[in-house]
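Undergrad: My file is upload.txt. It has compact mmCIF, C-alpha atoms:
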# COMPACT_ATOMS: atom_id res chain seq x y z
CA MET A 24 33.46 -21.04 -7.49
CA ASP A 25 34.35 -17.70 -5.94
CA THR A 26 31.64 -15.08 -6.45
CA THR A 27 32.98 -12.54 -3.95
CA ARG A 28 34.12 -9.08 -4.95
CA ALA A 29 37.39 -8.33 -3.13
CA GLU A 30 38.61 -4.78 -2.73
CA PRO A 31 40.33 -3.93 -6.06
CA VAL A 32 44.07 -3.24 -6.18
CA GLY A 33 45.70 -0.43 -8.15
CA TYR A 34 46.78 -1.37 -11.66
CA PRO A 35 48.89 -1.51 -13.86
CA PHE A 36 51.65 -3.12 -11.81
CA ASN A 37 54.65 -2.52 -14.10
CA ARG A 38 56.87 0.54 -13.86
CA ALA A 39 57.53 2.63 -16.95
CA GLU A 40 61.20 3.04 -15.99
CA ASP A 41 62.40 -0.50 -16.74
CA LEU A 42 61.51 -3.73 -18.54
CA GLU A 43 60.98 -5.84 -15.45
CA LEU A 44 57.78 -7.80 -14.83
CA ASP A 45 56.40 -6.68 -11.48
CA GLU A 46 56.55 -9.38 -8.81
CA ARG A 47 52.85 -8.90 -8.08
CA TYR A 48 52.12 -10.83 -11.27
CA ALA A 49 53.82 -13.91 -9.82
CA THR A 50 51.70 -13.51 -6.69
CA ALA A 51 48.57 -13.23 -8.82
CA ARG A 52 49.45 -16.34 -10.82
CA ALA A 53 50.21 -18.28 -7.65
CA GLY A 54 46.69 -17.53 -6.46
CA ARG A 55 45.44 -19.34 -9.59
CA THR A 56 42.49 -16.99 -9.94
CA LEU A 57 41.51 -13.58 -11.26
CA VAL A 58 42.33 -10.39 -9.35
CA ARG A 59 40.05 -7.39 -8.99
CA VAL A 60 41.80 -4.20 -10.22
CA THR A 61 41.31 -0.45 -10.55
CA MET A 62 43.00 1.24 -13.53
CA PRO A 63 43.70 4.97 -14.02
CA TYR A 64 40.57 5.38 -16.16
CA GLY A 65 37.24 3.60 -16.38
CA GLU A 66 35.47 1.15 -14.15
CA ASP A 67 36.95 -1.64 -12.03
CA GLY A 68 37.61 -4.95 -13.73
CA TRP A 69 39.19 -8.38 -13.44
CA LEU A 70 42.84 -9.13 -14.24
CA ALA A 71 43.74 -12.43 -15.92
CA SER A 72 47.42 -13.19 -15.30
CA ARG A 73 47.81 -16.95 -15.87
CA HIS A 74 48.57 -18.26 -19.37
CA GLU A 75 45.51 -20.50 -19.37
CA ASP A 76 43.16 -17.72 -18.25
CA VAL A 77 44.63 -15.14 -20.64
CA ARG A 78 44.20 -17.44 -23.65
CA PHE A 79 40.69 -18.31 -22.52
CA VAL A 80 39.57 -14.68 -22.23
CA LEU A 81 41.20 -13.68 -25.53
CA GLY A 82 39.88 -16.69 -27.42
CA ASP A 83 36.36 -17.28 -26.10
CA GLN A 84 33.57 -15.53 -28.01
CA ARG A 85 31.64 -15.00 -24.79
CA PHE A 86 34.06 -12.12 -24.20
CA SER A 87 33.47 -9.10 -26.41
CA ARG A 88 35.37 -6.05 -27.60
CA ALA A 89 32.42 -4.65 -29.56
CA ALA A 90 30.19 -4.47 -26.48
CA ALA A 91 32.37 -1.79 -24.89
CA ALA A 92 32.73 0.30 -28.04
CA ALA A 93 29.06 0.13 -29.06
CA ALA A 94 27.71 0.96 -25.61
CA GLY A 95 30.32 3.62 -24.85
CA LEU A 96 31.23 1.82 -21.63
CA ALA A 97 33.86 3.28 -19.33
CA GLU A 98 36.21 0.37 -19.88
CA PRO A 99 39.23 0.00 -17.58
CA ARG A 100 42.28 1.47 -19.32
CA THR A 101 45.55 3.32 -18.87
CA SER A 102 44.65 6.18 -21.23
CA PRO A 103 41.92 8.82 -21.40
CA GLN A 104 41.29 7.74 -25.00
CA THR A 105 39.27 4.70 -25.99
CA VAL A 106 39.00 2.72 -29.22
CA GLY A 107 35.63 3.52 -30.76
CA PRO A 108 33.30 1.34 -32.84
CA GLY A 109 34.09 0.55 -36.47
CA VAL A 110 37.77 -0.18 -35.79
CA ILE A 111 38.94 -3.77 -36.21
CA LEU A 112 40.21 -3.77 -32.61
CA SER A 113 36.64 -3.16 -31.44
CA MET A 114 34.91 -5.76 -33.60
CA ASP A 115 33.59 -9.22 -32.72
CA PRO A 116 32.86 -12.17 -35.00
CA PRO A 117 31.22 -12.42 -37.48
CA GLU A 118 31.98 -8.81 -38.48
CA HIS A 119 35.57 -9.12 -37.25
CA SER A 120 35.99 -12.47 -39.04
CA ARG A 121 34.82 -10.91 -42.31
CA VAL A 122 37.33 -8.06 -42.08
CA ARG A 123 40.17 -10.42 -41.11
CA ARG A 124 39.30 -12.81 -43.94
CA LEU A 125 39.31 -10.07 -46.56
CA ALA A 126 42.47 -8.44 -45.17
CA GLY A 127 44.19 -11.81 -45.16
CA LYS A 128 43.86 -11.95 -48.94
CA ALA A 129 46.22 -8.97 -49.19
CA PHE A 130 48.20 -9.33 -45.95
CA THR A 131 49.78 -12.73 -46.54
CA HIS A 132 53.01 -14.37 -45.40
CA ARG A 133 54.07 -14.52 -49.05
CA ASN A 134 53.63 -10.76 -49.46
CA VAL A 135 55.64 -10.15 -46.31
CA GLU A 136 58.49 -12.41 -47.47
CA ARG A 137 58.59 -10.52 -50.76
CA LEU A 138 59.52 -7.48 -48.66
CA ARG A 139 62.41 -9.18 -46.83
CA PRO A 140 65.10 -8.04 -49.34
CA LYS A 141 63.71 -4.50 -49.13
CA ALA A 142 63.85 -4.60 -45.33
CA LYS A 143 67.45 -5.83 -45.47
CA GLN A 144 68.37 -3.02 -47.84
CA VAL A 145 66.69 -0.39 -45.64
CA ALA A 146 68.41 -1.76 -42.51
CA ASN A 147 71.84 -1.74 -44.14
CA ASP A 148 71.31 1.76 -45.53
CA LEU A 149 70.43 2.98 -42.03
CA VAL A 150 73.55 1.34 -40.59
CA ASP A 151 75.67 2.91 -43.35
CA ARG A 152 74.42 6.33 -42.27
CA MET A 153 75.17 5.58 -38.62
CA VAL A 154 78.70 4.48 -39.50
CA GLU A 155 79.19 7.59 -41.59
CA HIS A 156 77.95 9.74 -38.70
CA GLY A 157 80.23 7.97 -36.24
CA SER A 158 79.52 6.81 -32.71
CA PRO A 159 77.84 7.45 -30.42
CA VAL A 160 74.49 7.52 -32.21
CA ASP A 161 70.91 7.04 -31.03
CA LEU A 162 69.70 3.63 -32.18
CA ILE A 163 66.04 4.66 -31.97
CA GLU A 164 66.12 7.83 -34.06
CA ASN A 165 68.54 6.42 -36.60
CA PHE A 166 67.43 2.79 -36.91
CA ALA A 167 64.57 1.48 -34.77
CA SER A 168 62.10 4.18 -35.79
CA PRO A 169 62.80 4.67 -39.53
CA LEU A 170 63.02 0.92 -40.30
CA PRO A 171 59.40 -0.03 -39.43
CA VAL A 172 57.87 3.22 -40.67
CA THR A 173 59.62 2.77 -44.01
CA MET A 174 58.44 -0.84 -44.26
CA ILE A 175 54.79 -0.28 -43.34
CA CYS A 176 54.64 2.78 -45.62
CA THR A 177 56.22 0.74 -48.41
CA MET A 178 53.70 -2.03 -47.84
CA LEU A 179 50.75 0.38 -47.81
CA GLY A 180 52.05 2.27 -50.83
CA VAL A 181 52.90 5.62 -49.20
CA PRO A 182 55.31 7.61 -51.43
CA VAL A 183 58.84 7.91 -50.04
CA ALA A 184 58.64 11.71 -50.01
CA ASP A 185 55.69 11.59 -47.59
CA GLN A 186 56.94 8.93 -45.19
CA HIS A 187 58.59 11.34 -42.74
CA GLN A 188 55.15 12.66 -41.72
CA PHE A 189 54.21 9.27 -40.33
CA LEU A 190 56.81 9.48 -37.56
CA ASP A 191 54.79 12.24 -35.90
CA TRP A 192 51.40 10.77 -36.70
CA SER A 193 52.26 7.32 -35.36
CA GLU A 194 52.93 8.72 -31.87
CA VAL A 195 49.14 8.92 -31.46
CA PHE A 196 48.95 5.12 -31.22
CA ALA A 197 51.44 4.76 -28.37
CA SER A 198 50.50 7.81 -26.33
CA ALA A 199 48.65 7.38 -23.07
CA THR A 200 49.16 10.87 -21.65
CA THR A 201 52.10 12.42 -23.56
CA LEU A 202 49.81 14.11 -26.08
CA SER A 203 46.91 16.38 -25.19
CA GLU A 204 43.46 15.59 -26.54
CA ALA A 205 43.83 18.50 -29.00
CA GLU A 206 47.23 17.25 -30.21
CA THR A 207 45.89 13.71 -30.57
CA GLN A 208 42.91 14.84 -32.62
CA GLN A 209 45.03 17.16 -34.77
CA ARG A 210 47.53 14.45 -35.69
CA LEU A 211 44.85 11.83 -36.17
CA GLY A 212 42.89 14.22 -38.39
CA SER A 213 45.95 14.88 -40.54
CA LEU A 214 46.62 11.15 -40.86
CA VAL A 215 43.02 10.37 -41.80
CA GLY A 216 43.00 13.17 -44.36
CA TYR A 217 46.22 11.95 -45.95
CA MET A 218 45.17 8.29 -46.05
CA SER A 219 41.72 9.20 -47.41
CA GLU A 220 43.31 10.96 -50.37
CA LEU A 221 45.76 8.10 -50.95
CA LEU A 222 42.86 5.63 -50.82
CA ARG A 223 40.93 7.69 -53.39
CA GLN A 224 43.93 7.54 -55.70
CA ARG A 225 44.23 3.76 -55.31
CA GLN A 226 40.53 3.28 -56.03
CA GLU A 227 41.00 5.11 -59.32
CA GLU A 228 44.40 3.65 -60.19
CA PRO A 229 45.35 0.50 -58.18
CA ALA A 230 49.06 -0.17 -57.71
CA ASP A 231 51.13 -3.11 -56.42
CA ASP A 232 50.72 -2.35 -52.71
CA LEU A 233 48.67 -3.36 -49.67
CA LEU A 234 46.25 -0.45 -49.91
CA SER A 235 45.39 -1.44 -53.48
CA GLY A 236 45.13 -5.04 -52.36
CA LEU A 237 42.55 -4.04 -49.75
CA VAL A 238 40.63 -2.09 -52.42
CA LEU A 239 40.59 -5.15 -54.69
CA ALA A 240 40.08 -7.82 -51.97
CA ARG A 241 36.74 -9.53 -52.24
CA ASP A 242 35.08 -12.80 -51.27
CA GLN A 243 32.33 -13.53 -53.79
CA ASP A 244 30.18 -10.37 -53.57
CA ASP A 245 31.65 -9.23 -50.26
CA ARG A 246 34.26 -6.50 -50.22
CA PHE A 247 35.60 -3.76 -47.97
CA THR A 248 33.89 -0.40 -47.65
CA ALA A 249 36.11 2.67 -48.00
CA ASP A 250 35.74 3.41 -44.27
CA GLU A 251 36.82 -0.15 -43.38
CA ILE A 252 39.91 0.10 -45.59
CA LEU A 253 40.84 3.46 -44.11
CA SER A 254 40.38 2.24 -40.53
CA LEU A 255 42.35 -0.95 -41.13
CA ALA A 256 45.22 0.87 -42.85
CA ILE A 257 45.55 3.31 -39.95
CA VAL A 258 45.52 0.49 -37.36
CA LEU A 259 48.20 -1.35 -39.34
CA LEU A 260 50.30 1.80 -39.43
CA GLY A 261 50.07 2.25 -35.67
CA ALA A 262 50.82 -1.38 -34.87
CA GLY A 263 53.43 -1.61 -37.61
CA HIS A 264 55.49 1.27 -36.30
CA GLU A 265 55.27 1.85 -32.57
CA ASN A 266 55.52 -1.77 -31.43
CA ILE A 267 58.66 -2.46 -33.44
CA THR A 268 60.21 0.93 -32.70
CA SER A 269 59.95 0.01 -29.01
CA GLN A 270 60.99 -3.63 -29.32
CA ILE A 271 64.18 -3.19 -31.34
CA PRO A 272 65.93 -1.13 -28.63
CA ASN A 273 64.37 -3.40 -26.00
CA PHE A 274 65.92 -6.41 -27.73
CA VAL A 275 69.34 -4.74 -27.89
CA TYR A 276 69.15 -3.53 -24.28
CA THR A 277 68.10 -6.98 -23.04
CA LEU A 278 70.76 -8.85 -25.01
CA LEU A 279 73.49 -6.53 -23.75
CA ARG A 280 72.31 -7.26 -20.20
CA HIS A 281 72.60 -11.00 -20.95
CA PRO A 282 76.11 -11.25 -22.48
CA GLU A 283 76.14 -15.06 -22.48
CA GLU A 284 72.97 -15.19 -24.57
CA LEU A 285 74.30 -12.46 -26.86
CA ALA A 286 77.54 -14.42 -27.35
CA ARG A 287 75.47 -17.52 -28.16
CA LEU A 288 73.53 -15.57 -30.80
CA ARG A 289 76.68 -14.11 -32.33
CA ALA A 290 78.18 -17.59 -32.54
CA ASP A 291 75.09 -18.99 -34.26
CA PRO A 292 73.18 -16.38 -36.32
CA GLU A 293 70.76 -19.13 -37.40
CA LEU A 294 69.23 -18.69 -33.95
CA VAL A 295 67.86 -15.24 -34.85
CA PRO A 296 64.27 -16.32 -35.63
CA GLN A 297 64.15 -18.35 -32.42
CA ALA A 298 65.74 -15.48 -30.51
CA VAL A 299 63.03 -13.09 -31.70
CA GLU A 300 60.34 -15.44 -30.33
CA GLU A 301 62.10 -15.81 -26.98
CA LEU A 302 62.66 -12.06 -26.66
CA MET A 303 58.97 -11.48 -27.47
CA ARG A 304 58.10 -13.91 -24.69
CA TYR A 305 60.60 -12.62 -22.17
CA ILE A 306 60.16 -8.85 -22.53
CA PRO A 307 56.88 -7.49 -21.10
CA LEU A 308 56.49 -4.65 -23.60
CA GLY A 309 53.30 -3.15 -22.26
CA LEU A 310 52.85 -1.10 -19.14
CA GLY A 311 49.63 -3.08 -18.78
CA PRO A 312 46.82 -4.45 -20.98
CA VAL A 313 45.34 -1.85 -23.32
CA LEU A 314 41.96 -3.31 -24.32
CA ALA A 315 39.41 -4.92 -22.00
CA ARG A 316 37.02 -7.73 -22.93
CA TYR A 317 33.45 -7.70 -21.61
CA ALA A 318 31.61 -10.86 -20.61
CA LEU A 319 28.42 -11.24 -22.66
CA VAL A 320 27.06 -13.89 -20.24
CA ASP A 321 28.14 -15.21 -16.86
CA VAL A 322 31.44 -17.05 -17.42
CA GLU A 323 33.67 -18.89 -14.95
CA VAL A 324 37.37 -18.04 -15.35
CA GLY A 325 40.05 -19.19 -12.96
CA GLY A 326 37.49 -20.19 -10.36
CA VAL A 327 35.80 -16.76 -10.48
CA LEU A 328 32.33 -16.06 -11.83
CA VAL A 329 32.70 -13.13 -14.19
CA ARG A 330 29.20 -11.75 -14.49
CA ALA A 331 27.66 -10.59 -17.74
CA GLY A 332 28.72 -6.98 -18.38
CA GLU A 333 31.94 -7.15 -16.35
CA PRO A 334 35.29 -6.36 -18.02
CA VAL A 335 38.46 -8.47 -17.92
CA VAL A 336 41.95 -7.26 -18.82
CA ALA A 337 44.45 -9.93 -19.85
CA SER A 338 48.17 -9.51 -19.19
CA LEU A 339 50.25 -10.93 -22.04
CA GLY A 340 53.49 -10.22 -20.18
CA SER A 341 52.37 -12.22 -17.17
CA ALA A 342 51.05 -15.09 -19.29
CA ASN A 343 54.45 -15.31 -20.99
CA ARG A 344 56.14 -15.82 -17.61
CA ASP A 345 53.75 -18.53 -16.38
CA GLU A 346 55.83 -21.28 -14.75
CA ASP A 347 53.11 -23.83 -15.53
CA VAL A 348 53.85 -23.38 -19.24
CA PHE A 349 57.46 -22.20 -19.51
CA GLU A 350 60.24 -23.91 -17.56
CA ARG A 351 62.54 -21.33 -15.92
CA ALA A 352 60.06 -18.74 -17.14
CA ASP A 353 61.97 -15.77 -15.68
CA GLU A 354 65.18 -16.70 -17.53
CA LEU A 355 66.11 -15.59 -21.04
CA ASP A 356 67.08 -18.67 -23.08
CA LEU A 357 67.53 -18.11 -26.81
CA THR A 358 67.63 -21.87 -27.42
CA ARG A 359 64.20 -22.32 -25.85
CA HIS A 360 61.57 -23.81 -28.15
CA PRO A 361 59.26 -20.89 -28.98
CA GLY A 362 56.28 -22.58 -27.38
CA PRO A 363 52.84 -21.00 -27.01
CA HIS A 364 53.86 -17.45 -26.11
CA VAL A 365 51.22 -14.75 -26.53
CA GLY A 366 53.51 -11.87 -27.45
CA PHE A 367 51.35 -11.21 -30.51
CA GLY A 368 48.10 -11.84 -28.66
CA HIS A 369 45.77 -14.79 -29.09
CA GLY A 370 42.42 -15.67 -30.60
CA PRO A 371 40.47 -13.58 -33.11
CA HIS A 372 42.54 -10.47 -32.35
CA HIS A 373 45.93 -12.15 -32.76
CA CYS A 374 48.15 -9.49 -34.38
CA LEU A 375 47.27 -9.23 -38.07
CA GLY A 376 50.77 -7.94 -38.84
CA ALA A 377 52.65 -10.61 -36.85
CA ALA A 378 54.45 -11.96 -39.93
CA LEU A 379 55.66 -8.46 -40.86
CA ALA A 380 56.75 -7.71 -37.29
CA ARG A 381 58.67 -10.98 -37.04
CA MET A 382 60.42 -10.37 -40.34
CA GLU A 383 61.43 -6.80 -39.43
CA MET A 384 62.75 -7.77 -36.00
CA GLN A 385 64.71 -10.67 -37.50
CA ILE A 386 66.25 -8.33 -40.09
CA ALA A 387 67.03 -5.76 -37.38
CA LEU A 388 68.86 -8.28 -35.19
CA GLU A 389 70.67 -9.88 -38.13
CA THR A 390 71.89 -6.55 -39.44
CA LEU A 391 73.01 -5.13 -36.10
CA LEU A 392 74.89 -8.34 -35.24
CA GLU A 393 76.55 -8.47 -38.67
CA ARG A 394 77.55 -4.83 -38.85
CA PHE A 395 78.41 -4.11 -35.22
CA PRO A 396 80.39 -7.03 -33.74
CA ASP A 397 81.26 -4.90 -30.69
CA LEU A 398 77.93 -3.11 -30.22
CA ARG A 399 77.47 -1.59 -26.76
CA ILE A 400 75.55 1.17 -24.99
CA ALA A 401 77.51 4.42 -25.03
CA VAL A 402 76.39 5.74 -21.62
CA PRO A 403 76.10 4.22 -18.14
CA GLU A 404 72.81 2.36 -17.75
CA GLU A 405 71.67 4.67 -14.96
CA GLU A 406 71.76 7.60 -17.41
CA LEU A 407 69.18 6.04 -19.73
CA LYS A 408 65.81 7.79 -19.68
CA TRP A 409 62.59 5.84 -20.04
CA ARG A 410 59.45 6.84 -21.91
CA THR A 411 56.48 7.74 -19.75
CA GLY A 412 52.89 8.42 -20.69
CA THR A 413 52.81 5.67 -23.34
CA PHE A 414 51.35 2.17 -23.50
CA MET A 415 54.67 0.59 -24.39
CA ARG A 416 57.90 0.58 -22.43
CA SER A 417 61.21 1.61 -23.96
CA VAL A 418 64.03 4.06 -23.43
CA VAL A 419 63.66 7.55 -24.90
CA GLU A 420 67.07 7.21 -26.54
CA LEU A 421 69.56 4.34 -26.76
CA PRO A 422 73.01 5.82 -27.51
CA ILE A 423 75.22 3.07 -28.95
CA THR A 424 78.84 2.77 -29.93
CA TRP A 425 80.84 0.01 -31.61
Go ahead and render the structure in this file as structure tokens.
TA:
Amino acid sequence: MDTTRAEPVGYPFNRAEDLELDERYATARAGRTLVRVTMPYGEDGWLASRHEDVRFVLGDQRFSRAAAAAAGLAEPRTSPQTVGPGVILSMDPPEHSRVRRLAGKAFTHRNVERLRPKAKQVANDLVDRMVEHGSPVDLIENFASPLPVTMICTMLGVPVADQHQFLDWSEVFASATTLSEAETQQRLGSLVGYMSELLRQRQEEPADDLLSGLVLARDQDDRFTADEILSLAIVLLGAGHENITSQIPNFVYTLLRHPEELARLRADPELVPQAVEELMRYIPLGLGPVLARYALVDVEVGGVLVRAGEPVVASLGSANRDEDVFERADELDLTRHPGPHVGFGHGPHHCLGAALARMEMQIALETLLERFPDLRIAVPEEELKWRTGTFMRSVVELPITW
């Protein structure tokens, strides 16, 4: 067991200006151990890069999210902001298990599938508007952004007339440095105020939506507090919009760079669900891990003794390219069996909205393939501009033509 503390290396490895996985991850995995890293903010920590180590850290209850939030630790991170206590992302079992269990009563696969026809209608309406506008048109502004915000707002029960506000508010969840602290707090305050009023309305008059479902969810005498519902709804909004808004253009960009795989998908649209899983595995969405886990006791991981109180960051993108788990891991293969990818995380904090995200991305791919048989990027690739100052990687705009 290695108990040494090597000089930490700068992290994150990935560049914001592309979707490549930095080659230093392969070097880290080849070492079959953890790597000591320094991130832009917070203390030094350990990086888990192998699939086995990532799943271990994310799934073992000896690693805690709540410890960092409760103690106000300077956890290693890419952003000046941290996730405070009381948010589901900062909870540990049994408190986290209780919130997940109650939320699961409203946030079910069945409820998501009930929304599939609505998602298809929204996607086709958005394409109709793009066709009416004529090419070229920005796929993000006109499709990738409004589709998920409409769906999560529909699921939560946000009136259609108010949904446009969520486009600005949701930027808070992806921003690392693009928004100032004052801008972040202003937008977050507006969002909290709006959702608090909507929650009050649902408590008085429940409707057929997720917010009402959270109000009514109970397990014997256990039920959500108003603060827990509000916090969970806001987290779902952030995850339900920004991740998918980034991944839809990433999917299109990646498929257009792999014309043989795109042709395979066009020839067999039944591959779409499988293609979504492979694209989730293949594309390293994040610039680097967002949330650290703290060891509650001394734990051995990858031959390293992680001492109690030390943080570990786990790279999902690197785990999804682990050659020990995925044959030809650096190749995109839409016929690949989905396998144990960790694109939606792993363990207690596995993405609560994974079913919704999968459904929306399937609908997005289906609709774009059906409606645009000759879809292509309208500008040379070198003219594309990439988002900076955010947790997730994507182009600022993706002008398309057909």
Undergrad: Would you mind listing what lies within 6 Å of Leu149 of chain A as a list in words, with all atoms listed in the file counted and same-chain residues fewer than 3 positions away left out?
TA: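 So the residues in contact are Ala146, Arg152 and Phe166 of chain A.
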Undergrad: Nearest to Glu293 of chain A among A:Gln385, A:Asn37, A:Thr424, A:Gln104, with distances taken over only C-alpha atoms: which residue is it?
TA: A:Gln385
Undergrad: Considering only C-alpha atoms, state which residue in the set A:Pro307, A:Pro292, A:Pro403, A:Pro371 is at the smallest distance from Pro116 of chain A.
TA: A:Pro371
Undergrad: Find the spatial neighbours of segment 237-239 of chain A, counting all atoms listed in the file, within a cut-off of 12 Å - ignore same-chain residues fewer than 5 positions away - and output them as JSON, numbers by chain.
TA: {"A": [122, 123, 124, 125, 126, 127, 128, 129, 130, 131, 178, 179, 180, 221, 222, 223, 224, 225, 226, 227, 228, 229, 230, 231, 232, 244, 245, 246, 247, 248, 249, 250, 251, 252, 253, 254, 255, 256]}
Undergrad: Which residue gives the smallest distance to Glu301 of chain A among A:Asp347, A:Asp353, A:Glu333, A:Asp45, with only C-alpha atoms counted?
TA: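 Under the stated criterion, the closest residue is A:Asp353.
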Undergrad: Excluding Leu319 of chain A and residues on its chain fewer than 5 positions from it, collect all residues at most 7 Å away from it, counting all atoms listed in the file, and give them as a VMD selection string.
TA: chain A and resid 85 to 87 331 to 332
Undergrad: Between A:Val275, A:Ile175, A:Val77, A:Ala49, single out the one closest to Leu391 of chain A, counting only C-alpha atoms.
TA: A:Val275
Undergrad: To one decimal place, how far is atom CA of Phe189 of chain A from atom CA of Thr277 of chain A in Å?
TA: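 Rounded to one decimal, the two atoms are 27.5 Å apart.
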Undergrad: If we count only C-alpha atoms and set the cut-off at 8 Å, which residues sit around Leu379 of chain A, ignoring sequence neighbours fewer than 6 positions away in its own chain? Please answer as a PyMOL selection string.
TA: chain A and resi 132+135+263
Undergrad: Residues of the last selection are to be written out with C-alpha atoms, as an mmCIF file, in the coordinates of the input.
TA:
data_model
loop_
_atom_site.group_PDB
_atom_site.id
_atom_site.type_symbol
_atom_site.label_atom_id
_atom_site.label_comp_id
_atom_site.auth_asym_id
_atom_site.auth_seq_id
_atom_site.Cartn_x
_atom_site.Cartn_y
_atom_site.Cartn_z
ATOM 1 C CA HIS A 132 53.010 -14.370 -45.400
ATOM 2 C CA VAL A 135 55.640 -10.150 -46.310
ATOM 3 C CA GLY A 263 53.430 -1.610 -37.610
#
Undergrad: Please identify all polymer residues within 12 Å of Trp192 of chain A, counting only C-alpha atoms, omitting same-chain residues fewer than 5 positions from it, and present them as a list in words.
TA: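 My list of contacting residues is Val172, Asp185, Gln186, His187, Ala197, Ser198, Leu202, Glu206, Thr207, Gln208, Gln209, Arg210, Leu211, Gly212, Ser213, Leu214, Val215, Gly216, Tyr217, Met218, Ile257, Val258, Leu260, Gly261, His264 and Glu265 of chain A.
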Undergrad: How far is it from atom CA of Arg289 of chain A to atom CA of Leu392 of chain A, in Å with one decimal?
TA: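 A separation of 6.7 Å between them.
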Undergrad: From the list A:Arg100, A:Arg137, A:Arg399, A:Arg344, which residue is nearest Glu43 of chain A when using all atoms listed in the file?
TA: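 Checking each candidate against Glu43 of chain A, we get A:Arg344 as the closest.
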Undergrad: To test the calculation: enclose all listed atoms of segment 375-384 of chain A in a box whose edges run along x, y and z, add 4 Å on each side, then state centre and edge lengths in Å to one decimal, as lines of an AutoDock Vina configuration file.
TA:
center_x = 55.0
center_y = -9.4
center_z = -38.4
size_x = 23.5
size_y = 13.2
size_z = 12.9
Undergrad: Will you model N, CA, C and O atoms for segment 176-188 of chain A and pass it back as a compact mmCIF listing (two decimals), in the frame of the given file?
TA:
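Done, and the output landed in selection-v6.txt:
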# COMPACT_ATOMS: atom_id res chain seq x y z
N CYS A 176 55.01 1.84 -44.56
CA CYS A 176 54.64 2.78 -45.62
C CYS A 176 54.87 2.16 -47.00
O CYS A 176 54.06 2.35 -47.92
N THR A 177 55.96 1.43 -47.15
CA THR A 177 56.22 0.74 -48.41
C THR A 177 55.12 -0.28 -48.69
O THR A 177 54.62 -0.37 -49.82
N MET A 178 54.73 -1.01 -47.67
CA MET A 178 53.70 -2.03 -47.84
C MET A 178 52.35 -1.41 -48.19
O MET A 178 51.62 -1.90 -49.04
N LEU A 179 52.02 -0.29 -47.54
CA LEU A 179 50.75 0.38 -47.81
C LEU A 179 50.77 1.12 -49.14
O LEU A 179 49.72 1.35 -49.75
N GLY A 180 51.96 1.52 -49.58
CA GLY A 180 52.05 2.27 -50.83
C GLY A 180 52.18 3.77 -50.63
O GLY A 180 51.85 4.55 -51.52
N VAL A 181 52.69 4.20 -49.46
CA VAL A 181 52.90 5.62 -49.20
C VAL A 181 54.18 6.08 -49.92
O VAL A 181 55.24 5.47 -49.75
N PRO A 182 54.11 7.13 -50.73
CA PRO A 182 55.31 7.61 -51.43
C PRO A 182 56.44 7.95 -50.45
O PRO A 182 56.20 8.46 -49.36
N VAL A 183 57.66 7.69 -50.89
CA VAL A 183 58.84 7.91 -50.04
C VAL A 183 58.89 9.35 -49.53
O VAL A 183 59.22 9.61 -48.37
N ALA A 184 58.55 10.30 -50.38
CA ALA A 184 58.64 11.71 -50.01
C ALA A 184 57.71 12.08 -48.86
O ALA A 184 57.93 13.08 -48.17
N ASP A 185 56.67 11.29 -48.63
CA ASP A 185 55.69 11.59 -47.59
C ASP A 185 55.92 10.82 -46.30
O ASP A 185 55.24 11.07 -45.30
N GLN A 186 56.85 9.87 -46.31
CA GLN A 186 56.94 8.93 -45.19
C GLN A 186 57.38 9.58 -43.88
O GLN A 186 57.03 9.11 -42.80
N HIS A 187 58.12 10.70 -43.96
CA HIS A 187 58.59 11.34 -42.74
C HIS A 187 57.44 11.84 -41.87
O HIS A 187 57.57 11.93 -40.65
N GLN A 188 56.30 12.16 -42.49
CA GLN A 188 55.15 12.66 -41.72
C GLN A 188 54.62 11.60 -40.77
O GLN A 188 54.05 11.93 -39.72
